[in-house]
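Trainee: One structure, pasted below without further comment.
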Amino acid sequence: MSSVRVVITGLGAVSPLGLTAGDMWDGLCAGRCGIDRITAFDPVGFNCKLAGQVPEFKIQSYVPKQLRKSIKLMSRDIKLAIIAADEALRSSGLITKAIDPENINTDPTRISINLGAGLISCDLVELGPAVAASTTNGKFDIRKWGKDGLELVTPLWLLKYLPNMLACHIGIIHDIQGPSNTITCAESSAQLAISEAAQIIARGGSDVALAGGAEAKVNPIVMIRQCLLKRATSKNNDDPAGACRPFDANADGSVFGEAAGMVVLENLQNAEKRDAKIYAEIVGTGQSNNINPEYEHLEPDGKGLQIAIEKAMADAQIQPDDLDLLIPHGTGIAADDLAEATAIESALGRAARKIPVWPTKSMLSNTGAAAGALDVIAAVCAMTDGRIPAAKNCDRKAPGCNLNIVKQPQPANIRYVLCCSYTYGGQTAAVVLKKYRTPNKEL
């Protein structure tokens, strides 16, 4: 990182474990699993009938009255992002136009927004009639689609499903006028967005940034794709709590879900000036790619992820032995878990066998573009509370995995945490967090 120090001053999370970051952390500490049988649609015929679903909510509670007409143009991804953003901003102590328009305490032109978004799948009922009108002898007819089908699609339909709409709606609600960007790199999106937001602050483009990601993967289109790619578990439908098993010898595949995670980043000077609570500092970031021709998996040696980790560690200017916790991507897909374990060991050397490793997707599910942000928030909570919860469903490590998976909850003085992520499309990311200490305290 540059000489400008970037700190985290706000947290917001909507996950299968609850509607706040506190709910998520309490659930993780209790070993509670947010995975259950799908209720958003009937999963009959699907190999995997499980998902991580967010509890019920009323989006009207998070949108100012004068803007509520826009709710009809919000996909579920947008709604989740709005809820997490609201919590993150409120927890930071920043007062925006949406929070209290009479007492705004920050310059909206100096706030940026960087969000990760996924492939926003539409509700089938919105396209079903149009597709049905576009068939000839039971087959889709592109000519009929242009002539008859599109007439049945609302003209504003696309505005619900463009990935940049997450940042657009949040920006309008909270009057964020600084730099804005959306990153669509699947599971790596959130950590890439957080990294870019930190870089914007470091180069003086903004003083504050809202960063993270959101995605709602509990959708028939998304789920059937994961089933066809054989990435979703197919043997554990009767055992939701034990279904997702990162790094375990009996791992059978991942479980997909929905969530949003947001953090508020600030340059240290700005945070100190307003006496903000500082949770942690971002000290290192790294990005790369894997080059496996079989795009749905990491290359077996995890080289792309290894490079991202090495870059983040070099950026943080620390050694592997300095790490006190590692939160991996850990999907429960056996080949990918082994490749990730190999990458971590290649990047960190012998220290990889000692550093406590705590995967979270066994409880949170694979939430796509939100996943990396949830892990960053979990890392901050672990630092703040001084404890590492137990990993769930890793009863017997898979052969070849030499990581130190945390089996029991343990107190810990956590100074540095490494979080890493990758996608089945090739992108990799890593972030190093440091526990913040006031200047008169020593590490």
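Following the order of the structure tokens, first chain is A, next is B, and so on, with residues numbered from 1 inside each chain and ligands from 1 in the order they appear.
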What's around A:Trp25 at 12 Å? Count only C-alpha atoms, leave out sequence neighbours fewer than 4 positions away in its own chain, and write the answer as an MDAnalysis selection string.
Mentor: chainID A and resid 11:21 29:33 360 363:364 374:385 387:389
Trainee: Just want the 6 Å neighbourhood of stretch 420-433 of chain A, counted on only C-alpha atoms, with same-chain residues fewer than 6 positions away dropped. Output as a list of chain:residue names.
Mentor: A:Ala186, A:Glu187, A:Ser188, A:Glu281, A:Ile282, A:Val283, A:Gly284, A:Thr285, A:Gly286, A:Gln287, A:Ser288, A:Asn289, A:Asn290, A:Tyr295, A:Glu296, A:His297, A:Leu305, A:Ala308, A:Ile309, A:Ala312, A:Pro328, A:His329
Trainee: Stretch 61-295 of chain A: which residues are helix (DSSP H, G or I) by DSSP, as a PDB file with C-alpha atoms, in the first residue's frame?
Mentor:
```pdb
ATOM      1  CA  SER A  61     -37.384  -0.037   5.792  1.00  0.00           C
ATOM      2  CA  TYR A  62     -34.083   0.735   4.063  1.00  0.00           C
ATOM      3  CA  LYS A  65     -40.056   7.248   1.359  1.00  0.00           C
ATOM      4  CA  GLN A  66     -39.533   9.566  -1.593  1.00  0.00           C
ATOM      5  CA  LEU A  67     -37.508   6.887  -3.417  1.00  0.00           C
ATOM      6  CA  ARG A  68     -39.665   3.840  -2.723  1.00  0.00           C
ATOM      7  CA  LYS A  69     -41.222   3.850  -6.170  1.00  0.00           C
ATOM      8  CA  SER A  70     -37.826   2.618  -7.395  1.00  0.00           C
ATOM      9  CA  ILE A  71     -38.274  -0.645  -5.461  1.00  0.00           C
ATOM     10  CA  LYS A  72     -40.236  -2.121  -8.367  1.00  0.00           C
ATOM     11  CA  LEU A  73     -37.034  -1.845 -10.423  1.00  0.00           C
ATOM     12  CA  ARG A  76     -33.039  -9.218  -5.166  1.00  0.00           C
ATOM     13  CA  ASP A  77     -29.305  -8.566  -5.555  1.00  0.00           C
ATOM     14  CA  ILE A  78     -29.945  -4.822  -5.395  1.00  0.00           C
ATOM     15  CA  LYS A  79     -32.138  -5.153  -2.315  1.00  0.00           C
ATOM     16  CA  LEU A  80     -29.532  -7.190  -0.437  1.00  0.00           C
ATOM     17  CA  ALA A  81     -26.848  -4.646  -1.322  1.00  0.00           C
ATOM     18  CA  ILE A  82     -28.987  -1.753  -0.072  1.00  0.00           C
ATOM     19  CA  ILE A  83     -29.541  -3.402   3.320  1.00  0.00           C
ATOM     20  CA  ALA A  84     -25.837  -4.155   3.846  1.00  0.00           C
ATOM     21  CA  ALA A  85     -24.842  -0.659   2.719  1.00  0.00           C
ATOM     22  CA  ASP A  86     -27.288   0.920   5.153  1.00  0.00           C
ATOM     23  CA  GLU A  87     -25.795  -0.986   8.086  1.00  0.00           C
ATOM     24  CA  ALA A  88     -22.205  -0.315   7.036  1.00  0.00           C
ATOM     25  CA  LEU A  89     -22.737   3.425   6.730  1.00  0.00           C
ATOM     26  CA  ARG A  90     -24.692   3.689   9.978  1.00  0.00           C
ATOM     27  CA  SER A  91     -22.116   1.651  11.894  1.00  0.00           C
ATOM     28  CA  SER A  92     -19.361   3.949  10.624  1.00  0.00           C
ATOM     29  CA  PRO A 108     -20.750  13.332  -0.772  1.00  0.00           C
ATOM     30  CA  THR A 109     -18.279  14.272  -3.509  1.00  0.00           C
ATOM     31  CA  ARG A 110     -15.510  12.676  -1.435  1.00  0.00           C
ATOM     32  CA  LEU A 124     -38.602 -16.669 -14.724  1.00  0.00           C
ATOM     33  CA  VAL A 125     -42.135 -15.313 -14.519  1.00  0.00           C
ATOM     34  CA  GLU A 126     -40.877 -12.078 -16.077  1.00  0.00           C
ATOM     35  CA  LEU A 127     -39.601 -13.797 -19.213  1.00  0.00           C
ATOM     36  CA  GLY A 128     -41.770 -16.910 -19.335  1.00  0.00           C
ATOM     37  CA  PRO A 129     -44.677 -15.423 -21.324  1.00  0.00           C
ATOM     38  CA  ALA A 130     -42.280 -13.743 -23.763  1.00  0.00           C
ATOM     39  CA  VAL A 131     -40.373 -16.963 -24.378  1.00  0.00           C
ATOM     40  CA  ALA A 132     -43.610 -18.937 -24.755  1.00  0.00           C
ATOM     41  CA  ILE A 142     -35.466 -15.791 -32.759  1.00  0.00           C
ATOM     42  CA  ARG A 143     -37.645 -14.115 -35.395  1.00  0.00           C
ATOM     43  CA  LYS A 144     -40.759 -14.521 -33.265  1.00  0.00           C
ATOM     44  CA  TRP A 145     -38.788 -13.256 -30.266  1.00  0.00           C
ATOM     45  CA  GLY A 146     -38.072  -9.998 -32.075  1.00  0.00           C
ATOM     46  CA  LYS A 147     -41.591  -9.675 -33.418  1.00  0.00           C
ATOM     47  CA  ASP A 148     -43.805 -10.996 -30.604  1.00  0.00           C
ATOM     48  CA  GLY A 149     -41.743 -11.952 -27.552  1.00  0.00           C
ATOM     49  CA  LEU A 150     -40.132  -8.601 -26.801  1.00  0.00           C
ATOM     50  CA  GLU A 151     -43.556  -6.960 -26.832  1.00  0.00           C
ATOM     51  CA  LEU A 152     -44.307  -8.882 -23.627  1.00  0.00           C
ATOM     52  CA  TRP A 157     -36.878  -4.788 -17.488  1.00  0.00           C
ATOM     53  CA  LEU A 158     -33.136  -4.424 -18.060  1.00  0.00           C
ATOM     54  CA  LEU A 159     -32.787  -1.812 -15.320  1.00  0.00           C
ATOM     55  CA  LYS A 160     -33.383  -4.543 -12.725  1.00  0.00           C
ATOM     56  CA  MET A 165     -27.538  -1.040 -10.642  1.00  0.00           C
ATOM     57  CA  LEU A 166     -26.418  -2.089  -7.143  1.00  0.00           C
ATOM     58  CA  ALA A 167     -24.052   0.852  -6.924  1.00  0.00           C
ATOM     59  CA  CYS A 168     -26.508   3.143  -8.741  1.00  0.00           C
ATOM     60  CA  HIS A 169     -29.370   2.604  -6.292  1.00  0.00           C
ATOM     61  CA  ILE A 170     -27.121   2.874  -3.233  1.00  0.00           C
ATOM     62  CA  GLY A 171     -25.488   5.973  -4.671  1.00  0.00           C
ATOM     63  CA  ILE A 172     -28.866   7.623  -5.243  1.00  0.00           C
ATOM     64  CA  ILE A 173     -30.213   6.676  -1.811  1.00  0.00           C
ATOM     65  CA  HIS A 174     -27.158   7.936   0.097  1.00  0.00           C
ATOM     66  CA  ALA A 186     -17.864 -13.807  -9.697  1.00  0.00           C
ATOM     67  CA  GLU A 187     -16.576 -14.907  -6.281  1.00  0.00           C
ATOM     68  CA  SER A 188     -13.513 -12.646  -6.433  1.00  0.00           C
ATOM     69  CA  SER A 189     -15.608  -9.540  -7.081  1.00  0.00           C
ATOM     70  CA  ALA A 190     -15.929  -8.257  -3.516  1.00  0.00           C
ATOM     71  CA  GLN A 191     -12.250  -8.524  -2.605  1.00  0.00           C
ATOM     72  CA  LEU A 192     -11.270  -6.951  -5.917  1.00  0.00           C
ATOM     73  CA  ALA A 193     -13.744  -4.132  -5.246  1.00  0.00           C
ATOM     74  CA  ILE A 194     -12.401  -3.596  -1.734  1.00  0.00           C
ATOM     75  CA  SER A 195      -8.857  -3.532  -3.097  1.00  0.00           C
ATOM     76  CA  GLU A 196      -9.734  -0.983  -5.771  1.00  0.00           C
ATOM     77  CA  ALA A 197     -11.603   1.183  -3.253  1.00  0.00           C
ATOM     78  CA  ALA A 198      -8.521   1.206  -1.015  1.00  0.00           C
ATOM     79  CA  GLN A 199      -6.385   2.243  -3.980  1.00  0.00           C
ATOM     80  CA  ILE A 200      -8.770   5.093  -4.848  1.00  0.00           C
ATOM     81  CA  ILE A 201      -8.442   6.419  -1.298  1.00  0.00           C
ATOM     82  CA  ALA A 202      -4.665   5.894  -1.307  1.00  0.00           C
ATOM     83  CA  PRO A 220     -33.357 -21.800 -10.876  1.00  0.00           C
ATOM     84  CA  ILE A 221     -31.141 -20.532 -13.709  1.00  0.00           C
ATOM     85  CA  VAL A 222     -28.098 -20.210 -11.452  1.00  0.00           C
ATOM     86  CA  MET A 223     -28.716 -23.483  -9.673  1.00  0.00           C
ATOM     87  CA  ILE A 224     -29.212 -25.581 -12.793  1.00  0.00           C
ATOM     88  CA  ARG A 225     -25.932 -24.233 -14.172  1.00  0.00           C
ATOM     89  CA  GLN A 226     -24.048 -25.251 -11.038  1.00  0.00           C
ATOM     90  CA  CYS A 227     -25.690 -28.677 -11.119  1.00  0.00           C
ATOM     91  CA  LEU A 228     -24.805 -29.187 -14.793  1.00  0.00           C
ATOM     92  CA  PRO A 240     -28.169 -29.453   5.053  1.00  0.00           C
ATOM     93  CA  ALA A 241     -25.954 -28.635   8.036  1.00  0.00           C
ATOM     94  CA  GLY A 242     -23.326 -31.156   6.917  1.00  0.00           C
ATOM     95  CA  LEU A 268      -6.714   7.232   8.492  1.00  0.00           C
ATOM     96  CA  GLN A 269      -6.504  11.004   8.787  1.00  0.00           C
ATOM     97  CA  ASN A 270     -10.189  11.414   7.924  1.00  0.00           C
ATOM     98  CA  ALA A 271     -11.226   8.679  10.370  1.00  0.00           C
ATOM     99  CA  GLU A 272      -9.164  10.153  13.194  1.00  0.00           C
ATOM    100  CA  LYS A 273     -10.423  13.655  12.481  1.00  0.00           C
TER     101      LYS A 273
END
```
Trainee: Using only C-alpha atoms, which residues sit within 12 Å of A:Asp301 once same-chain residues fewer than 2 positions away are excluded, as a VMD selection string?
Mentor: chain A and resid 290 to 292 297 to 299 303 to 307 335 to 347 400
Trainee: If you keep C-alpha atoms, can you produce a file of those selected residues as a tab-separated table (two decimals), in the first residue's frame?
Mentor:
```
chain	number	residue	atom	x	y	z
A	290	ASN	CA	-5.54	-18.97	-13.13
A	291	ILE	CA	-5.03	-20.35	-16.62
A	292	ASN	CA	-6.76	-23.71	-16.42
A	297	HIS	CA	-11.87	-25.31	-11.77
A	298	LEU	CA	-8.61	-23.88	-10.50
A	299	GLU	CA	-5.48	-25.27	-12.13
A	303	LYS	CA	-0.64	-20.93	-9.40
A	304	GLY	CA	-2.94	-17.98	-10.02
A	305	LEU	CA	-4.06	-17.88	-6.40
A	306	GLN	CA	-0.47	-18.33	-5.22
A	307	ILE	CA	0.54	-15.21	-7.16
A	335	ALA	CA	-10.41	-30.52	-6.65
A	336	ASP	CA	-10.59	-26.78	-6.04
A	337	ASP	CA	-9.99	-27.09	-2.30
A	338	LEU	CA	-6.89	-29.17	-2.94
A	339	ALA	CA	-5.64	-26.66	-5.52
A	340	GLU	CA	-6.23	-23.81	-3.06
A	341	ALA	CA	-4.43	-25.66	-0.28
A	342	THR	CA	-1.52	-26.23	-2.66
A	343	ALA	CA	-1.46	-22.54	-3.60
A	344	ILE	CA	-1.46	-21.43	0.03
A	345	GLU	CA	1.35	-23.79	0.91
A	346	SER	CA	3.37	-22.69	-2.13
A	347	ALA	CA	2.90	-19.02	-1.25
A	400	GLY	CA	-2.87	-33.64	0.30
```
Trainee: With distances taken over only C-alpha atoms, which residue among A:Val263, A:Leu94, A:Ala351, A:Val208 lies nearest A:Gly178?
Mentor: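 Among A:Val263, A:Leu94, A:Ala351, A:Val208, it is A:Val208 that comes nearest to A:Gly178.
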Trainee: Between A:Arg415, A:Leu348, A:Ala117, A:Ile183, which one has atoms that come closest to A:Tyr436, using only C-alpha atoms?
Mentor: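 Comparing A:Arg415, A:Leu348, A:Ala117, A:Ile183 against A:Tyr436, the winner is A:Arg415.
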Trainee: Between atom CA of A:Gln177 and atom CA of A:Gly261, what distance in Å does the model show, to one decimal?
Mentor: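 According to the coordinates, atom CA of A:Gln177 and atom CA of A:Gly261 are separated by 20.8 Å.
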